[in-house]
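Worksheet for the structure shown next.
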Protein chains: 4
Amino acid sequence: MNFGSDNQYGVDPRILQAIVDANARLTDTSYCHDDGAKAVDARLSAIFETEVKAFLVVNGTGANSLALSAITPPHGGVFCHEGSHINEDECNCPELFTGGAKLLALPGAHSKLQPATVTEKLKRFGHGEHAPKPSALSLTNATEAGTVYSPAEVKALADVVKPHGMKLHMDGARFANALVALGCSPAEMTWKAGVDVLSFGGTKNGAMLLEAVVFFNLPLADDFLYRRKRAGQLVSKGRYLSAQMLAYLQDDVWLANARRANRLAQVLAKGLSQSNRVRITNPVEANEVFAVMPKATYEAVQAKGAHFYDWPLDGLGNDEIHCRFVTSFATPEEHVNQFLALMREVA
Amino acid sequence: MNFGSDNQYGVDPRILQAIVDANARLTDTSYCHDDGAKAVDARLSAIFETEVKAFLVVNGTGANSLALSAITPPHGGVFCHEGSHINEDECNCPELFTGGAKLLALPGAHSKLQPATVTEKLKRFGHGEHAPKPSALSLTNATEAGTVYSPAEVKALADVVKPHGMKLHMDGARFANALVALGCSPAEMTWKAGVDVLSFGGTKNGAMLLEAVVFFNLPLADDFLYRRKRAGQLVSKGRYLSAQMLAYLQDDVWLANARRANRLAQVLAKGLSQSNRVRITNPVEANEVFAVMPKATYEAVQAKGAHFYDWPLDGLGNDEIHCRFVTSFATPEEHVNQFLALMREVA
Amino acid sequence: MNFGSDNQYGVDPRILQAIVDANARLTDTSYCHDDGAKAVDARLSAIFETEVKAFLVVNGTGANSLALSAITPPHGGVFCHEGSHINEDECNCPELFTGGAKLLALPGAHSKLQPATVTEKLKRFGHGEHAPKPSALSLTNATEAGTVYSPAEVKALADVVKPHGMKLHMDGARFANALVALGCSPAEMTWKAGVDVLSFGGTKNGAMLLEAVVFFNLPLADDFLYRRKRAGQLVSKGRYLSAQMLAYLQDDVWLANARRANRLAQVLAKGLSQSNRVRITNPVEANEVFAVMPKATYEAVQAKGAHFYDWPLDGLGNDEIHCRFVTSFATPEEHVNQFLALMREVA
Amino acid sequence: MNFGSDNQYGVDPRILQAIVDANARLTDTSYCHDDGAKAVDARLSAIFETEVKAFLVVNGTGANSLALSAITPPHGGVFCHEGSHINEDECNCPELFTGGAKLLALPGAHSKLQPATVTEKLKRFGHGEHAPKPSALSLTNATEAGTVYSPAEVKALADVVKPHGMKLHMDGARFANALVALGCSPAEMTWKAGVDVLSFGGTKNGAMLLEAVVFFNLPLADDFLYRRKRAGQLVSKGRYLSAQMLAYLQDDVWLANARRANRLAQVLAKGLSQSNRVRITNPVEANEVFAVMPKATYEAVQAKGAHFYDWPLDGLGNDEIHCRFVTSFATPEEHVNQFLALMREVA
């Protein structure tokens with residue numbers, strides 16, 4: 001009963017098979033200039049219904065930090081949610097890769113930014129060179145709270161920042177989860193709503209170690225081969241990345257995996273909400289459930305083999321704990337049911 | 001007939017199998033805190049006959065640049081060979097991860113530094129804060145020219161720099177190739193000769209994407225978990241790295257692979273040296289052969305399917321070209337023979 | 001009637017004279033190794049009643065950012081007030097000089113941090129390498145709101161962070177103003193309360209361009225000559241900095257100047273508070289006054305020649321504006337009186 | 001008898017007077033937005049016969065490193081002479097301000113680069129993202145060896161690099177010395193020969209602490225206000241910088257000072273060359289003289305009060321020492337004569 005993180009699960013067998021198959025070629029072009037990498041570009045261009053430039057990298061922190069490095073100068077400011085991964089969980093990698101740009105953390109319920117918050121913050125800038133130059137806005141979709149931005153919501157934020165010359169980044173570590181939740185097209189979720197560059201996640205949804213930085217605003221990608229190399233995100237045996245991505249996108253593996261994870265989150269949330277000792281704290285829109293429960297309950301179920309993390313929340317009672325549950329493409333459905341039974345049992 | 005690079009070959013089947021096996025675990029601890037990572041520490045400590053701290057990362061540029069970040073302040077100078085990978089092939093990643101430390105490139109025949117060269121250069125420092133503070137020496141073993149440093153040679157260089165408070169890094173992207181060539185122990189090649197931190201290569205010798213930063217000088221590793229994360233070199237599904245490393249070290253796979261590559265380089269060198277149109281330029285001590293040949297020969301054999309790169313060399317004649325040949329754990333021996341036959345044929 | 005900033009006023013005539021006098025020496029040792037620089041060390045050691053190491057630099061942003069670079073690794077986090085100069089007014093210079101350390105901005109009334117706020121925030125750390133390593137706390141004294149921390153308040157904050165291995169920096173751009181307000185000794189305000197390194201301001205209190213980075217924790221200063229040079233804060237004709245500092249400290253010029261500025265702030269605040277249209281928003285403890293007034297009043301007095309800035313404040317009414325008034329060593333007292341008369345006049 | 005450096009001399013009395021005069025204004029706009037700064041722009045535009053954007057900063061290291069930050073990305077390579085100030089004497093400040101760009105040091109007699117050397121080096125690039133992207137060429141004029149580049153020589157180098165999209169920086173710490181030596185116009189020395197951005201020196205030629213970064217290629221200056229602030233090179237009481245620069249340029253003070261320094265260098269060189277124990281090593285074209293002399297002579301004259309530095313040179317005999325003599329706007333002519341007499345005396 002592991003709801004710790006989607007990255008504690010393994011690799012989708014179809015993706016693993018693709019890695020094995022890639023080994024059949026005695027040799028291949030190295031440094032991500034293999035034919036597979038070119039096929040990824042074409043495949044993602046088709047999926048996004050526009051020409052994109054995609055660069056394979058090894059993890060989400062690398063993808064995000066590199067994407068930001070292409071859209072902010074070092075004297076820039078990147079607006080983001082205070083609970084965003086780039087702000088809380090990447091240990092200054094965005095600062096490193098951007099040369100010291102500043103993340104300007106903003107509040108917002110359920111890990112989502114509101115246009116008014118950004119508008120208000122922007123008023124603090126533009127009075128000379130003492131503050132950084134507002135250069136980018138970064139949104140996470142699905143968010144760190146398991147919620148999603150609709151295309152209209154993304155567009156509304158883009159409309160606030162674009163007149164200031166700012167660029168728009170989307171952290172899509174759980175892009176597929178958001179996409180199937182929204183039921184829109186990948187294009188609608190991104191460039192049609194103003195996104196310039198996307199961190200397109202693979203690892204959390206079944207890949208081994210794989211993300212792509214996908215540019216819709218193509219001139220921004222001009223020097224990106226250099227950027228990726230300089231940041232240590234270029235792997236020599238690139239075929240094992242492109243093989244993962246092609247298998248991930250093949251036969252809608254990515255969408256099916258995300259649907260499964262999202263569905264299990266709904267099952268979990270529904271079950272939990274039937275307990276009067278549990279309070280769901282964020283709308284369950286993707287593959288994460290957040291809930292407050294008594295500490296005693298938390299300890300009891302952990303002792304019986306359930307694994308999930310506590311999560312910061314202001315205003316908790318002394319005997320309460322806030323928890324995060326993540327479901328994945330590989331979480332056994334019976335584990336969800338088992339866990340819900342356990343919750344009833346320890347009541 | 002591919003002698004382009006050892007990284008153009010695939011993954012050793014035993015290592016690939018270990019990756020497949022690692023997938024059998026439904027879940028595992030993420031972020032390189034898995035039991036496999038701990039086992040790697042123990043295994044490398046045994047191999048090096050001393051307690052080491054080892055950190056798995058994804059590629060050589062990351063390993064080198066991170067290792068340097070732990071041994072130089074940003075106002076430091078890192079002495080290295082002018083042809084070293086960190087100086088020529090890592091696109092400012094060392095500068096990025098160290099916060100702008102300066103690589104001080106020195107000449108030396110066959111990509112090896114001599115103690116006198118380092119001694120001479122050191123005289124230029126120590127006159128105040130206008131020049132960077134000499135902080136580290138980085139050696140590559142096996143070198144970029146396919147030569148090796150003996151433990152005594154490493155020790156002689158350590159003896160020059162250690163009295164200045166400088167630390168010693170070894171870039172061991174081809175560590176195994178050097179080790180089997182030297183016939184010494186891993187301990188003799190490293191900490192017994194003064195090495196503080198080692199980039200221990202896996203990718204070029206049969207792994208998929210895998211290197212380790214191995215500390216012998218343990219206090220230097222104090223904040224390295226943060227450093228690895230900050231540099232984007234921490235992968236979430238760490239079990240696929242530790243599985244590779246354990247399989248690589250199991251049953252001396254790493255040594256056998258390196259021996260095979262080195263032996264093929266000897267076969268190739270011997271064959272080439274029998275041609276009076278070819279001049280071997282560096283001692284062939286590991287798995288690389290460097291040779292000057294007529295441009296016409298180069299073009300003829302490339303046209304017939306041989307793949308290898310030209311390489312810079314001063315003082316070439318107009319009709320000559322300098323070439324690098326790399327053999328790997330997986331290079332078919334018949335390709336070497338085929339290529340030598342081709343060389344005779346186009347004569 | 002200029003209350004825009006203390007840095008819009010000129011240079012104290014005694015300091016200017018010292019610059020002129022320094023020019024009488026045909027030559028002097030360059031790069032801040034002149035005898036004057038050594039005398040500054042001795043003088044500040046006497047003033048602080050302990051051996052200090054002091055480094056002259058040209059401005060406050062440089063002093064703060066350099067001081068931080070000596071007490072945080074690049075993967076570190078620096079706790080500070082959200083309205084602090086390093087967080088709001090130095091355009092990513094702290095991020096640059098520290099190699100990308102992260103400023104962790106915390107709230108607090110009147111620009112002061114409370115121990116409980118820091119304690120609470122610290123709970124978010126210590127769970128691995130995903131967040132930066134808490135490395136330093138930076139306080140401003142006098143604060144950006146014109147308030148001061150007492151030695152006991154500084155000590156209470158030090159007591160929170162020191163057990164975590166964190167270092168304590170004080171931004172003393174207006175150190176003298178705080179000192180004379182507190183009536184304590186320089187030692188009590190700093191190292192006796194736990195301060196490791198101080199940005200000791202000169203420019204805002206009568207110098208031309210001059211600050212010192214003063215280390216009480218001497219080992220932290222080990223490489224600081226390199227740091228200062230690397231950051232472009234080392235001037236060649238250093239005698240013109242040391243001359244300023246010696247004159248600034250001579251005959252208590254610095255204390256007298258600060259007393260004068262503080263006294264005028266009291267006069268101003270008292271006058272303003274007599275108006276029922278004006279609301280003082282921060283305790284007036286140093287040389288700054290913050291007040292809310294009607295926009296109409298603001299515009300009227302500005303039109304008649306009063307110069308001061310509006311300042312962000314949450315929860316303002318539509319017709320209100322929040323303003324900052326700074327008094328300096330050189331502000332004519334009659335300008336204060338003139339301004340108060342004007343305020344009454346436009347009522 | 002001080003020939004140590006031009007920066008060991010003081011401030012030209014006319015420039016000092018301008019500083020004093022600037023103090024007469026009770027208040028002035030801060031942060032280099034004063035009217036004086038605008039006047040500097042106009043004055044330099046007139047001098048250079050084209051619209052320039054000029055930014056005042058406090059020292060040469062800051063000026064150079066900032067100028068480079070505007071013309072190279074962090075993954076770029078900056079070609080320069082191996083003995084250039086940016087490569088040898090700025091302790092990684094260029095690396096810091098550029099975010100880790102790499103200085104690619106090239107040899108050349110008398111501290112001058114030849115087009116063929118740059119052409120040859122460029123061949124090593126353009127083969128993918130493993131090496132940095134060639135982005136800029138930096139020349140020093142007058143050079144660190146006291147020689148000068150003619151406009152035609154600058155142009156010839158520009159013609160090599162501009163087709164590669166590279167930008168051209170000139171380090172003009174001793175710009176005036178080169179200008180009066182060449183007898184050309186400031187425009188001919190710079191933008192007409194292809195220079196994009198110039199570090200325009202003041203400190204070594206009579207200012208207190210003052211350089212300007214002067215852009216001829218105006219779009220490169222777009223974000224420079226932010227860059228200057230971020231790098232800690234923005235001073236608050238900017239009037240004391242603009243006053244220096246205006247006085248420096250007034251009545252050709254800068255040209256007269258440079259002529260005087262250059263003339264004394266000729267007197268010194270002529271005198272030294274009459275000794276058969278002394279060998280002049282670089283053409284004496286600006287205000288520096290380099291010469292080899294017996295160590296015994298060196299020690300004798302130093303003991304009698306002559307001050308100058310030894311300087312690295314390859315191929316010296318055991319009893320020889322290579323020395324640098326710098327003359328300045330303020331070096332007393334009798335000191336030159338006295339020193340030459342002393343040299344004869346110790347023969």
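For the structure tokens, the naming scheme is as follows: chains receive sequential letters (A, B, ...) according to their order of presentation, residues are indexed from 1 within each chain, and ligands are indexed from 1 in presentation order.
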
- Write down, as number ranges by chain, each residue of chain B that has any atom within 12 Å of an atom of chain D, counting only C-alpha atoms. B: 61, 73-78, 82-106, 120-121, 123-125, 127-134, 309-314

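By chain and then residue number, the residues within 10 Å of segment 15-20 of chain C are Gly10, Val11, Ala24, Gly206, Ala207, Met208, Arg239, Tyr240, Leu241, Ser242, Ala243, Gln244, Met245, Leu246, Ala247, Tyr248, Leu249, Gln250 and Val253 of chain C; Val11, Pro13, Leu16, Gln17, Ile19, Val20, Asn23 and Met208 of chain D, counting only C-alpha atoms and disregarding those fewer than 4 positions away in sequence.
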
**Study point:** Neighbour list for Ala231 of chain C as a ChimeraX atom specification, cut-off 8 Å, only C-alpha atoms, skip fewer than 2 positions in-chain
**Key:** /C:62,66,97,227-229,233-234 /D:62,93,96,231-232

Can you pull out every residue within 8 Å of His335 of chain A, counting only C-alpha atoms, but drop anything in the same chain fewer than 4 positions away, and send it as JSON, numbers by chain? {"A": [1, 2, 331, 339]}

Report the residues of segment 85-308 of chain A whose backbone DSSP state falls under helix (DSSP H, G or I), written as JSON, numbers by chain. {"A": [85, 86, 87, 88, 93, 94, 95, 96, 97, 109, 110, 111, 115, 116, 117, 118, 119, 120, 121, 122, 151, 152, 153, 154, 155, 156, 157, 158, 159, 160, 161, 162, 163, 164, 175, 176, 177, 178, 179, 180, 181, 182, 186, 187, 188, 189, 191, 192, 193, 203, 204, 205, 218, 219, 220, 221, 224, 225, 226, 227, 228, 229, 230, 239, 240, 241, 242, 243, 244, 245, 246, 247, 248, 249, 250, 251, 252, 253, 254, 255, 256, 257, 258, 259, 260, 261, 262, 263, 264, 265, 266, 267, 268, 269, 270, 271, 272, 273, 295, 296, 297, 298, 299, 300, 301, 302, 303]}

### Task
With a distance cut-off of 6 Å and only C-alpha atoms, select the neighbouring residues of Val214 of chain B, excluding the residue or stretch itself and same-chain residues fewer than 6 positions from it, and output the selection as a PyMOL selection string.
chain B and resi 53-54+197-198

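If you measure from each of B:Gly4, B:Leu264, B:Asn217, B:Gly194 to Val326 of chain B using only C-alpha atoms, the closest one turns out to be B:Gly4.
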
Which polymer residues have any atom within 10 Å of an atom of segment 259-262 of chain C, counting only C-alpha atoms, with same-chain residues fewer than 2 positions away left out, as a PDB file with N, CA and C atoms, in the first residue's frame?
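Result file follows (around-v6.pdb):
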ATOM      1  N   ASP C   6      18.548  59.043   2.232  1.00  0.00           N
ATOM      2  CA  ASP C   6      19.781  59.601   2.777  1.00  0.00           C
ATOM      3  C   ASP C   6      20.899  59.573   1.750  1.00  0.00           C
ATOM      4  N   GLY C 146      12.692  51.459   9.424  1.00  0.00           N
ATOM      5  CA  GLY C 146      13.100  52.474  10.393  1.00  0.00           C
ATOM      6  C   GLY C 146      12.972  52.028  11.829  1.00  0.00           C
ATOM      7  N   ALA C 176      24.804  52.855  12.248  1.00  0.00           N
ATOM      8  CA  ALA C 176      24.990  53.953  13.200  1.00  0.00           C
ATOM      9  C   ALA C 176      23.651  54.470  13.708  1.00  0.00           C
ATOM     10  N   ASN C 177      22.675  54.542  12.825  1.00  0.00           N
ATOM     11  CA  ASN C 177      21.360  55.007  13.255  1.00  0.00           C
ATOM     12  C   ASN C 177      20.746  54.075  14.293  1.00  0.00           C
ATOM     13  N   ALA C 178      20.949  52.799  14.093  1.00  0.00           N
ATOM     14  CA  ALA C 178      20.442  51.832  15.083  1.00  0.00           C
ATOM     15  C   ALA C 178      21.217  51.953  16.384  1.00  0.00           C
ATOM     16  N   LEU C 179      22.517  52.079  16.258  1.00  0.00           N
ATOM     17  CA  LEU C 179      23.380  52.099  17.446  1.00  0.00           C
ATOM     18  C   LEU C 179      23.007  53.250  18.385  1.00  0.00           C
ATOM     19  N   VAL C 180      22.898  54.441  17.819  1.00  0.00           N
ATOM     20  CA  VAL C 180      22.609  55.584  18.690  1.00  0.00           C
ATOM     21  C   VAL C 180      21.170  55.527  19.208  1.00  0.00           C
ATOM     22  N   ALA C 181      20.308  54.890  18.428  1.00  0.00           N
ATOM     23  CA  ALA C 181      18.934  54.722  18.917  1.00  0.00           C
ATOM     24  C   ALA C 181      18.895  53.772  20.106  1.00  0.00           C
ATOM     25  N   ASN C 205      25.350  57.624   5.634  1.00  0.00           N
ATOM     26  CA  ASN C 205      25.551  58.451   6.824  1.00  0.00           C
ATOM     27  C   ASN C 205      26.707  59.427   6.646  1.00  0.00           C
ATOM     28  N   VAL C 253      32.320  61.171  14.323  1.00  0.00           N
ATOM     29  CA  VAL C 253      31.525  61.753  13.237  1.00  0.00           C
ATOM     30  C   VAL C 253      30.321  60.867  12.932  1.00  0.00           C
ATOM     31  N   TRP C 254      30.582  59.566  12.845  1.00  0.00           N
ATOM     32  CA  TRP C 254      29.493  58.648  12.473  1.00  0.00           C
ATOM     33  C   TRP C 254      28.337  58.680  13.470  1.00  0.00           C
ATOM     34  N   LEU C 255      28.681  58.791  14.753  1.00  0.00           N
ATOM     35  CA  LEU C 255      27.635  58.790  15.772  1.00  0.00           C
ATOM     36  C   LEU C 255      26.874  60.109  15.768  1.00  0.00           C
ATOM     37  N   ALA C 256      27.614  61.199  15.637  1.00  0.00           N
ATOM     38  CA  ALA C 256      26.968  62.506  15.618  1.00  0.00           C
ATOM     39  C   ALA C 256      26.038  62.619  14.410  1.00  0.00           C
ATOM     40  N   ASN C 257      26.514  62.154  13.259  1.00  0.00           N
ATOM     41  CA  ASN C 257      25.668  62.226  12.059  1.00  0.00           C
ATOM     42  C   ASN C 257      24.386  61.411  12.230  1.00  0.00           C
ATOM     43  N   LEU C 264      16.021  64.407  13.657  1.00  0.00           N
ATOM     44  CA  LEU C 264      15.129  65.038  12.680  1.00  0.00           C
ATOM     45  C   LEU C 264      13.944  64.136  12.356  1.00  0.00           C
ATOM     46  N   ALA C 265      14.182  62.835  12.350  1.00  0.00           N
ATOM     47  CA  ALA C 265      13.062  61.913  12.108  1.00  0.00           C
ATOM     48  C   ALA C 265      12.028  62.039  13.215  1.00  0.00           C
ATOM     49  N   GLN C 266      12.500  62.226  14.447  1.00  0.00           N
ATOM     50  CA  GLN C 266      11.565  62.414  15.556  1.00  0.00           C
ATOM     51  C   GLN C 266      10.774  63.707  15.385  1.00  0.00           C
ATOM     52  N   VAL C 267      11.485  64.757  14.980  1.00  0.00           N
ATOM     53  CA  VAL C 267      10.803  66.040  14.757  1.00  0.00           C
ATOM     54  C   VAL C 267       9.728  65.876  13.692  1.00  0.00           C
ATOM     55  N   LEU C 268      10.125  65.223  12.632  1.00  0.00           N
ATOM     56  CA  LEU C 268       9.204  65.020  11.519  1.00  0.00           C
ATOM     57  C   LEU C 268       8.004  64.184  11.948  1.00  0.00           C
ATOM     58  N   VAL C 284       8.939  54.982  14.972  1.00  0.00           N
ATOM     59  CA  VAL C 284      10.047  55.777  14.438  1.00  0.00           C
ATOM     60  C   VAL C 284      11.216  55.657  15.397  1.00  0.00           C
ATOM     61  N   GLU C 285      12.148  54.784  15.039  1.00  0.00           N
ATOM     62  CA  GLU C 285      13.252  54.483  15.946  1.00  0.00           C
ATOM     63  C   GLU C 285      14.607  54.891  15.392  1.00  0.00           C
ATOM     64  N   ALA C 286      14.677  55.105  14.098  1.00  0.00           N
ATOM     65  CA  ALA C 286      15.964  55.504  13.521  1.00  0.00           C
ATOM     66  C   ALA C 286      15.742  56.770  12.697  1.00  0.00           C
ATOM     67  N   ASN C 287      16.094  56.759  11.421  1.00  0.00           N
ATOM     68  CA  ASN C 287      15.987  57.999  10.631  1.00  0.00           C
ATOM     69  C   ASN C 287      14.979  57.884   9.500  1.00  0.00           C
ATOM     70  N   GLU C 288      13.939  57.094   9.720  1.00  0.00           N
ATOM     71  CA  GLU C 288      12.902  56.977   8.703  1.00  0.00           C
ATOM     72  C   GLU C 288      11.532  57.107   9.351  1.00  0.00           C
ATOM     73  N   VAL C 289      10.626  57.732   8.608  1.00  0.00           N
ATOM     74  CA  VAL C 289       9.250  57.881   9.052  1.00  0.00           C
ATOM     75  C   VAL C 289       8.351  57.335   7.948  1.00  0.00           C
ATOM     76  N   VAL C 326      12.890  59.901   4.672  1.00  0.00           N
ATOM     77  CA  VAL C 326      14.206  59.607   5.238  1.00  0.00           C
ATOM     78  C   VAL C 326      14.888  60.917   5.592  1.00  0.00           C
ATOM     79  N   THR C 327      15.424  60.972   6.783  1.00  0.00           N
ATOM     80  CA  THR C 327      16.234  62.132   7.155  1.00  0.00           C
ATOM     81  C   THR C 327      17.697  61.698   7.164  1.00  0.00           C
ATOM     82  N   SER C 328      18.574  62.664   6.974  1.00  0.00           N
ATOM     83  CA  SER C 328      19.992  62.313   6.882  1.00  0.00           C
ATOM     84  C   SER C 328      20.823  63.248   7.741  1.00  0.00           C
ATOM     85  N   PHE C 329      22.099  62.950   7.810  1.00  0.00           N
ATOM     86  CA  PHE C 329      23.056  63.795   8.533  1.00  0.00           C
ATOM     87  C   PHE C 329      23.046  65.224   8.002  1.00  0.00           C
ATOM     88  N   ALA C 330      22.620  65.390   6.758  1.00  0.00           N
ATOM     89  CA  ALA C 330      22.747  66.707   6.122  1.00  0.00           C
ATOM     90  C   ALA C 330      21.404  67.367   5.826  1.00  0.00           C
ATOM     91  N   THR C 331      20.331  66.722   6.192  1.00  0.00           N
ATOM     92  CA  THR C 331      19.029  67.330   5.950  1.00  0.00           C
ATOM     93  C   THR C 331      18.914  68.615   6.774  1.00  0.00           C
ATOM     94  N   PRO C 332      18.637  69.739   6.144  1.00  0.00           N
ATOM     95  CA  PRO C 332      18.511  70.989   6.924  1.00  0.00           C
ATOM     96  C   PRO C 332      17.275  70.921   7.827  1.00  0.00           C
ATOM     97  N   GLU C 333      17.460  71.282   9.061  1.00  0.00           N
ATOM     98  CA  GLU C 333      16.335  71.226   9.988  1.00  0.00           C
ATOM     99  C   GLU C 333      15.192  72.129   9.515  1.00  0.00           C
TER     100      GLU C 333
END

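Compared by their closest atoms to Thr29 of chain B, and using only C-alpha atoms, the residues B:Arg263, B:Lys237, B:His307, B:Lys270 rank with B:Lys237 nearest.
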
Give me, as a count of residues only, all polymer residues having an atom no more than 8 Å from Lys167 of chain A, counting only C-alpha atoms and skipping those fewer than 5 positions away in the same chain. 8

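Of the listed residues A:Lys204, A:Arg344, A:His322, A:Lys192, the one whose atoms come nearest to Glu49 of chain A is A:Lys192, with distances taken using only C-alpha atoms.
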
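Nearest to Tyr298 of chain D of all the residues D:Leu342, D:Val336, D:Leu122, D:Cys80 is D:Leu342, counting only C-alpha atoms.
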
In Å and to one decimal, atom CA of Gln274 of chain A is distant from atom CA of Phe290 of chain A by 14.3 Å

- Message: Please identify the strand (DSSP E or B) residues within segment 65-131 of chain D (assignment by DSSP from backbone atoms) and present them as an MDAnalysis selection string.
- Response: chainID D and resid 76:81 102:106
